[in-house]
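Single-structure report; data block below.
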Amino acid sequence: MPKRYEELKSQLPVSRLSIDVLLALRVLYDKPENEVKLQQEMAELSHDPSKLEREYRAEWEAYVLRELVLDLKQNTQRSPATFIDSVLSRIESLKESCPYYKAYKQQISEAKSAEDGSTALFPVPWRQQLMMLLLPVTAVKPLKPAE
C-alpha cells in the first residue's frame, strides 16, 4: 500500500465514532467472503453483551479503517469531495433501507443497555461524525494515470 494511504490510515479517527455509526460502516463494507461473519458476531452479542466493547469495537474499527482506505484506493480518479459524498449517501441509504442494519442496531442497543445501562447524554449527529472521519481524505491527491 503506498505511503500516502498508510499516512491516511493513521489520520482517520475511527475510534471517535459512536457505536451506531461504526456499525453502519461495518455493515456498509461487509462482504460475504469475510472470515468473521457479522451475523455471527451479532448473534454472540445476545449471549455476551460485554463482547461489544471488549472485542468487537476494536475489530470493527480495524475492519472499517482497512475497507475505507481500500474503497478510496479503488476510487482514486474521483475527487475527495465526490468520494465523501458517495460514502455519505451510501450510509444514508443503508440507514433507511437495510433490514440487517436495523436489526443489528437494535441488538447493539440491547447489548449496550445490558452492559452498562447508560445512554449518551449528548450524541454527536451522524453526518458530523462521518465528516470528522472522512475529512483527512481531502488531503489525498488523486493518482495520475502513470502511478
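Residues are named by chain letter and number: chains run A, B, ... in the order of the C-alpha cells, numbers start at 1 in each chain, and ligands are numbered from 1 in the order shown.
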**Request:** Within 7 Å of stretch 130-133 of chain A, counting only C-alpha atoms, which residues show up once you throw out same-chain ones fewer than 3 positions away? Write them as a list in words, please.
**Result:** Leu12, Pro13, Val14, Trp126 and Arg127 of chain A
Neighbour list for A:Leu52 as a JSON list (two decimals) with C-alpha atoms, in the first residue's frame, cut-off 12 Å, only C-alpha atoms, skip fewer than 5 positions in-chain:
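Written out: result_28.json:
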[["chain", "number", "residue", "atom", "x", "y", "z"],
["A", 19, "ILE", "CA", -21.05, 2.55, 18.02],
["A", 20, "ASP", "CA", -24.10, 3.03, 15.76],
["A", 22, "LEU", "CA", -19.29, 2.34, 13.38],
["A", 23, "LEU", "CA", -21.89, -0.41, 12.95],
["A", 41, "GLU", "CA", -20.89, -11.66, 15.93],
["A", 42, "MET", "CA", -24.31, -10.10, 16.37],
["A", 43, "ALA", "CA", -25.77, -13.44, 17.48],
["A", 44, "GLU", "CA", -22.98, -13.81, 20.05],
["A", 45, "LEU", "CA", -23.80, -10.37, 21.45],
["A", 46, "SER", "CA", -27.16, -11.59, 22.70],
["A", 47, "HIS", "CA", -25.32, -14.18, 24.82],
["A", 57, "ARG", "CA", -15.41, -2.49, 18.71],
["A", 58, "ALA", "CA", -11.65, -2.75, 18.11],
["A", 59, "GLU", "CA", -12.17, -5.38, 15.40],
["A", 60, "TRP", "CA", -14.79, -3.25, 13.66],
["A", 61, "GLU", "CA", -12.59, -0.15, 13.85],
["A", 104, "TYR", "CA", -28.21, -5.13, 14.24],
["A", 107, "GLN", "CA", -29.16, -5.72, 19.08],
["A", 108, "ILE", "CA", -26.42, -3.16, 19.75],
["A", 109, "SER", "CA", -28.84, -1.02, 21.77],
["A", 110, "GLU", "CA", -29.85, -4.03, 23.82],
["A", 111, "ALA", "CA", -26.22, -5.07, 24.35],
["A", 112, "LYS", "CA", -25.20, -1.58, 25.44],
["A", 113, "SER", "CA", -28.07, -1.26, 27.90],
["A", 114, "ALA", "CA", -27.40, -4.75, 29.25],
["A", 115, "GLU", "CA", -23.72, -3.93, 29.62],
["A", 116, "ASP", "CA", -23.85, -0.56, 31.34]]
Counting only C-alpha atoms, which residues of stretch 5-59 of chain A sit at most 10 Å from some atom of stretch 83-90 of chain A, and what is each one's closest atom pair with its distance in Å to one decimal, listed by chain and rising residue number, as JSON lines?
{"residue": "A:Ala24", "atom": "CA", "partner": "A:Arg90", "partner_atom": "CA", "distance": 9.8}
{"residue": "A:Leu25", "atom": "CA", "partner": "A:Val87", "partner_atom": "CA", "distance": 9.0}
{"residue": "A:Leu28", "atom": "CA", "partner": "A:Arg90", "partner_atom": "CA", "distance": 7.6}
**Prompt:** Between atom CA of A:Leu70 and atom CA of A:Glu55, what is the spacing in Å?
**Reply:**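 Going from atom CA of A:Glu55 over to atom CA of A:Leu70 covers 23.0 Å.
Distances here use only C-alpha atoms; by that measure, the residue among A:Arg26, A:Lys31, A:Lys73, A:Lys105 closest to A:Tyr56 is A:Arg26.
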